[in-house]
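Participant: Structure: start_34.txt, compact mmCIF, C-alpha atoms and all ligand atoms.
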# COMPACT_ATOMS: atom_id res chain seq x y z
CA MET Z 1 7.45 84.59 -59.12
CA LYS Z 2 8.62 88.19 -58.91
CA LEU Z 3 12.16 89.23 -59.80
CA LEU Z 4 14.09 92.47 -59.52
CA ILE Z 5 16.88 93.30 -61.95
CA VAL Z 6 19.33 96.08 -61.08
CA GLU Z 7 21.39 96.82 -64.18
CA ASP Z 8 22.65 100.22 -65.35
CA GLU Z 9 23.25 99.22 -68.97
CA ILE Z 10 19.90 100.09 -70.51
CA LYS Z 11 20.07 97.54 -73.32
CA THR Z 12 21.13 94.66 -71.11
CA GLY Z 13 18.46 95.51 -68.55
CA GLU Z 14 15.68 95.67 -71.12
CA TYR Z 15 16.87 92.48 -72.77
CA LEU Z 16 16.77 90.66 -69.45
CA ARG Z 17 13.42 92.09 -68.51
CA GLN Z 18 11.87 91.06 -71.78
CA GLY Z 19 13.34 87.57 -71.75
CA LEU Z 20 12.36 86.87 -68.17
CA SER Z 21 8.85 88.27 -68.66
CA GLU Z 22 8.37 86.03 -71.65
CA SER Z 23 9.53 83.14 -69.49
CA GLY Z 24 6.68 83.78 -67.10
CA PHE Z 25 8.24 85.93 -64.39
CA VAL Z 26 6.99 89.26 -63.14
CA VAL Z 27 9.98 91.56 -63.52
CA ASP Z 28 10.85 94.96 -62.11
CA LEU Z 29 13.91 96.77 -63.41
CA SER Z 30 16.03 99.49 -61.88
CA HIS Z 31 18.88 101.25 -63.67
CA ASN Z 32 20.78 102.46 -60.63
CA GLY Z 33 21.99 101.12 -57.32
CA LEU Z 34 20.15 103.42 -54.94
CA ASP Z 35 16.71 102.88 -56.45
CA GLY Z 36 17.38 99.18 -56.84
CA HIS Z 37 18.38 98.92 -53.21
CA GLN Z 38 15.24 100.73 -52.09
CA MET Z 39 13.01 98.54 -54.23
CA ALA Z 40 14.67 95.40 -52.91
CA MET Z 41 14.24 96.52 -49.31
CA ALA Z 42 10.60 97.52 -49.75
CA GLY Z 43 9.26 95.00 -52.25
CA HIS Z 44 8.59 91.33 -52.03
CA TYR Z 45 10.90 89.74 -54.54
CA ASP Z 46 11.57 86.05 -54.88
CA MET Z 47 14.97 86.76 -56.34
CA LEU Z 48 17.39 89.54 -57.32
CA ILE Z 49 19.65 89.83 -60.33
CA LEU Z 50 22.32 92.40 -59.52
CA ASP Z 51 24.96 93.98 -61.68
CA VAL Z 52 28.16 94.60 -59.69
CA MET Z 53 29.32 97.91 -61.17
CA LEU Z 54 26.47 100.36 -60.64
CA PRO Z 55 26.29 104.11 -60.18
CA ASP Z 56 25.61 105.41 -56.62
CA MET Z 57 25.67 102.09 -54.84
CA ASP Z 58 27.41 99.03 -56.20
CA GLY Z 59 26.19 95.45 -56.16
CA TRP Z 60 28.35 94.47 -53.18
CA GLN Z 61 26.94 97.29 -51.06
CA ILE Z 62 23.38 96.35 -51.98
CA LEU Z 63 24.04 92.72 -51.13
CA ARG Z 64 25.63 93.57 -47.77
CA SER Z 65 22.83 95.90 -46.80
CA LEU Z 66 20.11 93.38 -47.71
CA ARG Z 67 21.75 90.55 -45.82
CA ASN Z 68 22.28 92.82 -42.79
CA ALA Z 69 18.58 93.63 -42.90
CA GLY Z 70 17.80 89.90 -42.85
CA LYS Z 71 16.64 89.71 -46.48
CA GLU Z 72 17.27 86.14 -47.57
CA MET Z 73 16.10 86.06 -51.19
CA PRO Z 74 18.55 84.45 -53.60
CA ILE Z 75 20.84 86.86 -55.41
CA LEU Z 76 22.52 86.24 -58.74
CA PHE Z 77 25.36 88.58 -59.67
CA LEU Z 78 26.04 89.69 -63.22
CA THR Z 79 29.37 91.22 -63.94
CA ALA Z 80 31.92 91.83 -66.62
CA ARG Z 81 34.68 91.39 -64.08
CA ASP Z 82 35.62 87.78 -63.88
CA SER Z 83 38.65 87.75 -61.64
CA ILE Z 84 38.69 85.00 -59.08
CA ASP Z 85 38.85 87.60 -56.29
CA ASP Z 86 35.52 89.05 -57.33
CA ARG Z 87 33.86 85.68 -57.36
CA ILE Z 88 35.16 84.86 -53.92
CA LYS Z 89 34.15 88.25 -52.58
CA GLY Z 90 30.62 87.88 -53.94
CA LEU Z 91 30.14 84.42 -52.57
CA GLU Z 92 31.62 85.33 -49.20
CA LEU Z 93 29.25 88.27 -48.91
CA GLY Z 94 26.32 85.92 -49.44
CA ALA Z 95 25.65 85.94 -53.18
CA ASP Z 96 24.09 82.71 -54.34
CA ASP Z 97 25.50 82.59 -57.83
CA TYR Z 98 27.66 84.51 -60.22
CA LEU Z 99 27.42 84.94 -63.98
CA VAL Z 100 30.06 86.65 -66.10
CA LYS Z 101 29.07 88.88 -69.02
CA PRO Z 102 28.60 88.23 -71.82
CA PHE Z 103 26.34 85.29 -71.14
CA ALA Z 104 23.71 83.38 -73.06
CA PHE Z 105 20.16 84.08 -71.95
CA ALA Z 106 19.44 80.36 -71.75
CA GLU Z 107 22.17 79.98 -69.16
CA LEU Z 108 20.85 82.86 -67.09
CA LEU Z 109 17.36 81.39 -67.19
CA ALA Z 110 18.62 77.97 -66.12
CA ARG Z 111 20.48 79.51 -63.17
CA VAL Z 112 17.49 81.62 -62.15
CA ARG Z 113 15.29 78.53 -62.11
CA THR Z 114 17.85 76.52 -60.15
CA LEU Z 115 18.23 79.24 -57.53
CA LEU Z 116 14.48 79.61 -57.16
CA ARG Z 117 14.04 75.86 -56.82
CA ARG Z 118 16.75 75.71 -54.20
CA SER Z 119 15.26 78.57 -52.22
CA THR Z 120 11.65 77.41 -52.25
CA THR Z 121 11.90 74.79 -49.53
CA PRO Z 122 10.22 72.48 -48.86
CA VAL Z 123 10.05 70.73 -52.21
CA THR Z 124 6.30 70.25 -51.89
CA GLU Z 125 6.06 74.02 -52.46
CA LEU Z 126 6.79 73.31 -56.08
CA ARG Z 127 3.31 71.91 -56.41
CA LEU Z 128 0.23 73.87 -55.51
CA SER Z 129 -3.25 72.46 -55.56
CA ILE Z 130 -6.87 73.08 -54.77
CA ALA Z 131 -9.52 70.38 -55.23
CA ASP Z 132 -8.42 68.45 -58.33
CA LEU Z 133 -6.49 71.38 -59.82
CA VAL Z 134 -2.72 70.99 -59.63
CA LEU Z 135 0.01 73.48 -60.56
CA ASP Z 136 3.50 72.18 -61.19
CA LEU Z 137 5.57 75.32 -60.63
CA ALA Z 138 8.89 73.86 -61.72
CA ARG Z 139 7.56 72.82 -65.10
CA HIS Z 140 4.97 75.56 -65.42
CA ARG Z 141 2.16 73.11 -66.00
CA ALA Z 142 -1.40 73.00 -64.85
CA SER Z 143 -3.82 70.11 -64.79
CA ARG Z 144 -7.29 69.46 -63.54
CA GLY Z 145 -8.65 66.00 -62.83
CA GLY Z 146 -5.41 64.67 -64.27
CA LYS Z 147 -5.96 66.42 -67.59
CA ARG Z 148 -3.32 68.87 -68.80
CA ILE Z 149 -4.47 72.47 -69.20
CA TYR Z 150 -2.52 74.77 -71.48
CA LEU Z 151 -2.11 78.27 -70.10
CA ALA Z 152 -0.42 81.41 -71.40
CA THR Z 153 2.32 82.76 -69.11
CA LYS Z 154 0.15 85.51 -67.61
CA GLU Z 155 -2.72 83.09 -67.12
CA PHE Z 156 -0.41 80.73 -65.26
CA ALA Z 157 0.93 83.57 -63.09
CA LEU Z 158 -2.60 84.70 -62.29
CA LEU Z 159 -3.71 81.18 -61.41
CA GLU Z 160 -0.59 80.62 -59.30
CA LEU Z 161 -1.35 83.76 -57.29
CA LEU Z 162 -4.98 82.74 -56.74
CA VAL Z 163 -4.06 79.21 -55.68
CA ARG Z 164 -1.24 80.36 -53.39
CA ARG Z 165 -3.71 82.55 -51.57
CA GLN Z 166 -6.74 80.32 -51.90
CA GLY Z 167 -9.70 81.28 -49.76
CA GLU Z 168 -8.60 84.91 -49.77
CA VAL Z 169 -10.31 87.63 -51.80
CA LEU Z 170 -7.67 89.35 -53.93
CA PRO Z 171 -8.40 92.93 -54.97
CA ARG Z 172 -7.69 93.91 -58.56
CA SER Z 173 -4.91 96.26 -57.45
CA LEU Z 174 -3.07 93.41 -55.78
CA ILE Z 175 -3.50 91.14 -58.78
CA THR Z 176 -2.19 93.94 -61.00
CA SER Z 177 0.95 94.47 -58.97
CA GLN Z 178 1.70 90.78 -58.62
CA VAL Z 179 0.94 89.54 -62.11
CA TRP Z 180 1.44 92.53 -64.38
CA ASP Z 181 4.07 95.24 -64.30
CA MET Z 182 3.64 97.71 -61.51
CA ASN Z 183 2.95 100.63 -63.83
CA PHE Z 184 0.08 98.84 -65.46
CA ASP Z 185 -3.13 100.83 -65.64
CA SER Z 186 -5.51 98.98 -63.35
CA ASP Z 187 -8.59 100.73 -64.75
CA THR Z 188 -8.50 98.61 -67.84
CA ASN Z 189 -10.39 95.35 -67.92
CA VAL Z 190 -7.32 93.23 -68.59
CA ILE Z 191 -7.78 91.35 -65.33
CA ASP Z 192 -11.41 90.59 -66.07
CA VAL Z 193 -10.54 89.36 -69.53
CA ALA Z 194 -7.74 87.18 -68.13
CA ILE Z 195 -10.10 85.76 -65.50
CA ARG Z 196 -12.67 84.96 -68.17
CA ARG Z 197 -10.04 83.10 -70.21
CA LEU Z 198 -8.84 81.26 -67.14
CA ARG Z 199 -12.40 80.22 -66.27
CA ALA Z 200 -12.93 78.91 -69.76
CA LYS Z 201 -9.87 76.71 -69.33
CA ILE Z 202 -10.12 75.50 -65.75
CA ASP Z 203 -13.78 75.80 -64.77
CA ASP Z 204 -16.15 75.66 -67.74
CA GLU Z 205 -16.17 71.94 -68.28
CA PHE Z 206 -16.22 71.04 -64.59
CA ASP Z 207 -19.19 70.99 -62.22
CA LEU Z 208 -17.16 72.38 -59.36
CA LYS Z 209 -16.33 76.01 -60.16
CA LEU Z 210 -13.19 77.19 -58.40
CA ILE Z 211 -12.80 80.84 -59.43
CA GLN Z 212 -15.22 83.12 -57.67
CA THR Z 213 -16.05 86.75 -58.28
CA VAL Z 214 -16.57 88.73 -55.11
CA ARG Z 215 -18.57 91.75 -56.21
CA GLY Z 216 -16.96 95.09 -55.56
CA MET Z 217 -13.89 93.40 -54.10
CA GLY Z 218 -12.05 91.17 -56.49
CA TYR Z 219 -11.45 87.51 -57.20
CA MET Z 220 -10.85 84.42 -55.15
CA ILE Z 221 -10.22 80.78 -55.73
CA ASP Z 222 -11.88 78.44 -53.26
CA THR Z 223 -13.84 75.26 -52.84
CA PRO Z 224 -17.47 75.34 -51.66
CA GLU Z 225 -16.70 73.10 -48.65
CA ARG Z 226 -14.59 75.81 -47.12
CA SER Z 227 -16.50 78.94 -48.16
CA CA H 301 27.23 98.06 -64.80
Show me this structure written as structure tokens.
Ligand code: CA
Facilitator:
Amino acid sequence: MKLLIVEDEIKTGEYLRQGLSESGFVVDLSHNGLDGHQMAMAGHYDMLILDVMLPDMDGWQILRSLRNAGKEMPILFLTARDSIDDRIKGLELGADDYLVKPFAFAELLARVRTLLRRSTTPVTELRLSIADLVLDLARHRASRGGKRIYLATKEFALLELLVRRQGEVLPRSLITSQVWDMNFDSDTNVIDVAIRRLRAKIDDEFDLKLIQTVRGMGYMIDTPERS
């Protein structure tokens, strides 16, 4: 799941980015309204976390513009202003939730997860599977043949991407942008190392190998019946 945070307070932004990354999300961060708006319009984000008071373009303007453009991703507002008028304004404009600063990170995380759950209809989307491998997205758990598999957050994100797009060869550059931060240097072998670890956990002890290397192109998850 990919999130965009637009927050002009550097410390708050970094704190959120770090916390959400550690919780398994891919996070982009913008420190001003104009850039944030552009990123939200151009990128594929599952959710936005928007500060209200921003330089150049405030949170309300970003929200209005996105909704006018037909962008339906859930939006959570963060703001120090807690007057009832602001809340009503935000919700009327199409914000999905509202959190007043200062807030506890645990509360933010709970709200983010609730909004994402609500927006990913139908509910069956919360489980992804291929062959006997099952991913429970809500609880961040993987299992194969009914046996629990313990994955690090990046491993889970990588596996989720592969399973979502099963049968499709994913180039390294795409994996990089979806699973690691967008400025990540894709020349390194981080992806290969992560794939090796993932194979050790989900494929090594099973006869049916799911992760496939497509030489010169990238990686794919698939079952032999289909490929
Ligand atoms: Ca602000």
Participant: So which residues are close to (-6.4, 80.8, -51.8), meaning at most 12 Å away in the file's coordinates with all atoms listed in the file counted, and can you show them as number ranges by chain?
Facilitator: Z: 128-131, 158-170, 210-212, 219-223, 226-227
Participant: Given the selection you just returned, output its residues as a file containing C-alpha atoms, formatted as a CSV table (one decimal), in the coordinates of the input.
Facilitator:
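part_30.csv written:
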chain,number,residue,atom,x,y,z
Z,128,LEU,CA,0.2,73.9,-55.5
Z,129,SER,CA,-3.2,72.5,-55.6
Z,130,ILE,CA,-6.9,73.1,-54.8
Z,131,ALA,CA,-9.5,70.4,-55.2
Z,158,LEU,CA,-2.6,84.7,-62.3
Z,159,LEU,CA,-3.7,81.2,-61.4
Z,160,GLU,CA,-0.6,80.6,-59.3
Z,161,LEU,CA,-1.4,83.8,-57.3
Z,162,LEU,CA,-5.0,82.7,-56.7
Z,163,VAL,CA,-4.1,79.2,-55.7
Z,164,ARG,CA,-1.2,80.4,-53.4
Z,165,ARG,CA,-3.7,82.6,-51.6
Z,166,GLN,CA,-6.7,80.3,-51.9
Z,167,GLY,CA,-9.7,81.3,-49.8
Z,168,GLU,CA,-8.6,84.9,-49.8
Z,169,VAL,CA,-10.3,87.6,-51.8
Z,170,LEU,CA,-7.7,89.4,-53.9
Z,210,LEU,CA,-13.2,77.2,-58.4
Z,211,ILE,CA,-12.8,80.8,-59.4
Z,212,GLN,CA,-15.2,83.1,-57.7
Z,219,TYR,CA,-11.4,87.5,-57.2
Z,220,MET,CA,-10.8,84.4,-55.2
Z,221,ILE,CA,-10.2,80.8,-55.7
Z,222,ASP,CA,-11.9,78.4,-53.3
Z,223,THR,CA,-13.8,75.3,-52.8
Z,226,ARG,CA,-14.6,75.8,-47.1
Z,227,SER,CA,-16.5,78.9,-48.2
Participant: Atom CA of Asp28 of chain Z and atom CA of Ser119 of chain Z, how far apart in Å?
Facilitator: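 Atom-to-atom, atom CA of Ser119 of chain Z to atom CA of Asp28 of chain Z, that is 19.6 Å.
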Participant: What's around Gly146 of chain Z at 9 Å? Count all atoms listed in the file, leave out sequence neighbours fewer than 5 positions away in its own chain, and write the answer as a tab-separated table (two decimals) with C-alpha atoms, keeping the file's coordinate frame.
Facilitator:
chain	number	residue	atom	x	y	z
Z	132	ASP	CA	-8.42	68.45	-58.33
Z	133	LEU	CA	-6.49	71.38	-59.82
Z	134	VAL	CA	-2.72	70.99	-59.63
Participant: Using all atoms listed in the file, which residue out of Z:Glu72, Z:Asp207, Z:Asp46, Z:Asp58 lies closest to ligand CA 301 (chain H)?
Facilitator: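 Of all the options, Z:Asp58 lies closest to ligand CA 301 (chain H).
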Participant: Would you list the residues that come within 7 Å of ligand CA 301 (chain H)? Count only C-alpha atoms and all ligand atoms and give the answer as a list in words.
Facilitator: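 Written in the requested form, the residues are Glu7, Asp8, Glu9, Asp51, Val52, Met53 and Leu54 of chain Z.
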Participant: Please identify all polymer residues within 9 Å of Leu4 of chain Z, counting all atoms listed in the file, omitting same-chain residues fewer than 5 positions from it, and present them as a PDB file with C-alpha atoms, in the coordinates of the input.
Facilitator:
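The result, written out as result.pdb:
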ATOM      1  CA  VAL Z  26       6.990  89.260 -63.140  1.00  0.00           C
ATOM      2  CA  VAL Z  27       9.980  91.560 -63.520  1.00  0.00           C
ATOM      3  CA  ASP Z  28      10.850  94.960 -62.110  1.00  0.00           C
ATOM      4  CA  LEU Z  29      13.910  96.770 -63.410  1.00  0.00           C
ATOM      5  CA  SER Z  30      16.030  99.490 -61.880  1.00  0.00           C
ATOM      6  CA  GLY Z  36      17.380  99.180 -56.840  1.00  0.00           C
ATOM      7  CA  MET Z  39      13.010  98.540 -54.230  1.00  0.00           C
ATOM      8  CA  ALA Z  40      14.670  95.400 -52.910  1.00  0.00           C
ATOM      9  CA  TYR Z  45      10.900  89.740 -54.540  1.00  0.00           C
ATOM     10  CA  ASP Z  46      11.570  86.050 -54.880  1.00  0.00           C
ATOM     11  CA  MET Z  47      14.970  86.760 -56.340  1.00  0.00           C
ATOM     12  CA  LEU Z  48      17.390  89.540 -57.320  1.00  0.00           C
ATOM     13  CA  ILE Z  49      19.650  89.830 -60.330  1.00  0.00           C
ATOM     14  CA  LEU Z  50      22.320  92.400 -59.520  1.00  0.00           C
TER      15      LEU Z  50
END
Participant: Identify, on the basis of all atoms listed in the file, every residue whose closest approach to Leu108 of chain Z does not exceed 9 Å; exclude the query and any residue fewer than 5 positions from it along the same chain; express the result as number ranges by chain.
Facilitator: Z: 99, 103, 113
Participant: What does the distance from atom CA of Thr12 of chain Z to atom CA of Asp35 of chain Z come to in Å, to one decimal?
Facilitator: 17.4 Å
Participant: Can you rebuild segment 37-48 of chain Z with all heavy atoms and give it as a PDB file, in the frame of the given file?
Facilitator:
ATOM      1  N   HIS Z  37      18.275  99.293 -54.615  1.00  0.00           N
ATOM      2  CA  HIS Z  37      18.380  98.920 -53.210  1.00  0.00           C
ATOM      3  C   HIS Z  37      17.073  99.191 -52.476  1.00  0.00           C
ATOM      4  O   HIS Z  37      16.567  98.352 -51.732  1.00  0.00           O
ATOM      5  CB  HIS Z  37      19.521  99.715 -52.562  1.00  0.00           C
ATOM      6  CG  HIS Z  37      19.626  99.530 -51.080  1.00  0.00           C
ATOM      7  ND1 HIS Z  37      19.320 100.521 -50.188  1.00  0.00           N
ATOM      8  CD2 HIS Z  37      19.966  98.449 -50.340  1.00  0.00           C
ATOM      9  CE1 HIS Z  37      19.478 100.064 -48.941  1.00  0.00           C
ATOM     10  NE2 HIS Z  37      19.871  98.811 -49.013  1.00  0.00           N
ATOM     11  N   GLN Z  38      16.505 100.365 -52.748  1.00  0.00           N
ATOM     12  CA  GLN Z  38      15.240 100.730 -52.090  1.00  0.00           C
ATOM     13  C   GLN Z  38      14.115  99.771 -52.471  1.00  0.00           C
ATOM     14  O   GLN Z  38      13.343  99.339 -51.624  1.00  0.00           O
ATOM     15  CB  GLN Z  38      14.866 102.139 -52.529  1.00  0.00           C
ATOM     16  CG  GLN Z  38      14.402 103.015 -51.375  1.00  0.00           C
ATOM     17  CD  GLN Z  38      14.414 104.471 -51.773  1.00  0.00           C
ATOM     18  OE1 GLN Z  38      13.919 104.831 -52.855  1.00  0.00           O
ATOM     19  NE2 GLN Z  38      14.982 105.314 -50.933  1.00  0.00           N
ATOM     20  N   MET Z  39      14.054  99.452 -53.767  1.00  0.00           N
ATOM     21  CA  MET Z  39      13.010  98.540 -54.230  1.00  0.00           C
ATOM     22  C   MET Z  39      13.171  97.165 -53.577  1.00  0.00           C
ATOM     23  O   MET Z  39      12.207  96.535 -53.158  1.00  0.00           O
ATOM     24  CB  MET Z  39      13.052  98.410 -55.757  1.00  0.00           C
ATOM     25  CG  MET Z  39      12.576  99.656 -56.474  1.00  0.00           C
ATOM     26  SD  MET Z  39      13.046  99.672 -58.221  1.00  0.00           S
ATOM     27  CE  MET Z  39      11.822  98.554 -58.917  1.00  0.00           C
ATOM     28  N   ALA Z  40      14.420  96.714 -53.482  1.00  0.00           N
ATOM     29  CA  ALA Z  40      14.670  95.400 -52.910  1.00  0.00           C
ATOM     30  C   ALA Z  40      14.311  95.356 -51.425  1.00  0.00           C
ATOM     31  O   ALA Z  40      13.809  94.359 -50.915  1.00  0.00           O
ATOM     32  CB  ALA Z  40      16.142  95.009 -53.097  1.00  0.00           C
ATOM     33  N   MET Z  41      14.563  96.470 -50.729  1.00  0.00           N
ATOM     34  CA  MET Z  41      14.240  96.520 -49.310  1.00  0.00           C
ATOM     35  C   MET Z  41      12.729  96.565 -49.091  1.00  0.00           C
ATOM     36  O   MET Z  41      12.206  95.976 -48.144  1.00  0.00           O
ATOM     37  CB  MET Z  41      14.875  97.768 -48.656  1.00  0.00           C
ATOM     38  CG  MET Z  41      16.383  97.720 -48.550  1.00  0.00           C
ATOM     39  SD  MET Z  41      16.987  96.489 -47.370  1.00  0.00           S
ATOM     40  CE  MET Z  41      16.978  97.448 -45.869  1.00  0.00           C
ATOM     41  N   ALA Z  42      12.034  97.283 -49.969  1.00  0.00           N
ATOM     42  CA  ALA Z  42      10.600  97.520 -49.750  1.00  0.00           C
ATOM     43  C   ALA Z  42       9.711  96.439 -50.373  1.00  0.00           C
ATOM     44  O   ALA Z  42       8.655  96.123 -49.844  1.00  0.00           O
ATOM     45  CB  ALA Z  42      10.216  98.883 -50.317  1.00  0.00           C
ATOM     46  N   GLY Z  43      10.152  95.883 -51.509  1.00  0.00           N
ATOM     47  CA  GLY Z  43       9.260  95.000 -52.250  1.00  0.00           C
ATOM     48  C   GLY Z  43       9.429  93.544 -51.863  1.00  0.00           C
ATOM     49  O   GLY Z  43      10.351  93.190 -51.143  1.00  0.00           O
ATOM     50  N   HIS Z  44       8.500  92.756 -52.319  1.00  0.00           N
ATOM     51  CA  HIS Z  44       8.590  91.330 -52.030  1.00  0.00           C
ATOM     52  C   HIS Z  44       9.054  90.599 -53.279  1.00  0.00           C
ATOM     53  O   HIS Z  44       8.259  90.266 -54.137  1.00  0.00           O
ATOM     54  CB  HIS Z  44       7.246  90.799 -51.548  1.00  0.00           C
ATOM     55  CG  HIS Z  44       6.846  91.424 -50.259  1.00  0.00           C
ATOM     56  ND1 HIS Z  44       7.391  91.052 -49.052  1.00  0.00           N
ATOM     57  CD2 HIS Z  44       6.001  92.447 -49.983  1.00  0.00           C
ATOM     58  CE1 HIS Z  44       6.884  91.804 -48.086  1.00  0.00           C
ATOM     59  NE2 HIS Z  44       6.039  92.666 -48.621  1.00  0.00           N
ATOM     60  N   TYR Z  45      10.345  90.402 -53.370  1.00  0.00           N
ATOM     61  CA  TYR Z  45      10.900  89.740 -54.540  1.00  0.00           C
ATOM     62  C   TYR Z  45      11.352  88.336 -54.177  1.00  0.00           C
ATOM     63  O   TYR Z  45      11.895  88.117 -53.094  1.00  0.00           O
ATOM     64  CB  TYR Z  45      12.068  90.532 -55.110  1.00  0.00           C
ATOM     65  CG  TYR Z  45      11.639  91.877 -55.643  1.00  0.00           C
ATOM     66  CD1 TYR Z  45      11.853  93.039 -54.924  1.00  0.00           C
ATOM     67  CD2 TYR Z  45      10.978  91.959 -56.868  1.00  0.00           C
ATOM     68  CE1 TYR Z  45      11.422  94.268 -55.401  1.00  0.00           C
ATOM     69  CE2 TYR Z  45      10.549  93.180 -57.361  1.00  0.00           C
ATOM     70  CZ  TYR Z  45      10.772  94.332 -56.622  1.00  0.00           C
ATOM     71  OH  TYR Z  45      10.339  95.536 -57.102  1.00  0.00           O
ATOM     72  N   ASP Z  46      11.132  87.418 -55.109  1.00  0.00           N
ATOM     73  CA  ASP Z  46      11.570  86.050 -54.880  1.00  0.00           C
ATOM     74  C   ASP Z  46      13.050  85.898 -55.175  1.00  0.00           C
ATOM     75  O   ASP Z  46      13.693  84.953 -54.738  1.00  0.00           O
ATOM     76  CB  ASP Z  46      10.767  85.088 -55.766  1.00  0.00           C
ATOM     77  CG  ASP Z  46       9.295  85.142 -55.410  1.00  0.00           C
ATOM     78  OD1 ASP Z  46       8.959  84.753 -54.282  1.00  0.00           O
ATOM     79  OD2 ASP Z  46       8.489  85.597 -56.242  1.00  0.00           O
ATOM     80  N   MET Z  47      13.570  86.854 -55.962  1.00  0.00           N
ATOM     81  CA  MET Z  47      14.970  86.760 -56.340  1.00  0.00           C
ATOM     82  C   MET Z  47      15.464  88.087 -56.910  1.00  0.00           C
ATOM     83  O   MET Z  47      14.685  88.850 -57.456  1.00  0.00           O
ATOM     84  CB  MET Z  47      15.115  85.674 -57.411  1.00  0.00           C
ATOM     85  CG  MET Z  47      16.532  85.455 -57.816  1.00  0.00           C
ATOM     86  SD  MET Z  47      16.640  84.138 -59.025  1.00  0.00           S
ATOM     87  CE  MET Z  47      18.325  84.422 -59.503  1.00  0.00           C
ATOM     88  N   LEU Z  48      16.772  88.335 -56.768  1.00  0.00           N
ATOM     89  CA  LEU Z  48      17.390  89.540 -57.320  1.00  0.00           C
ATOM     90  C   LEU Z  48      18.467  89.168 -58.326  1.00  0.00           C
ATOM     91  O   LEU Z  48      19.219  88.209 -58.109  1.00  0.00           O
ATOM     92  CB  LEU Z  48      18.092  90.324 -56.204  1.00  0.00           C
ATOM     93  CG  LEU Z  48      17.371  91.514 -55.581  1.00  0.00           C
ATOM     94  CD1 LEU Z  48      15.999  91.149 -55.106  1.00  0.00           C
ATOM     95  CD2 LEU Z  48      18.197  92.086 -54.450  1.00  0.00           C
TER      96      LEU Z  48
END
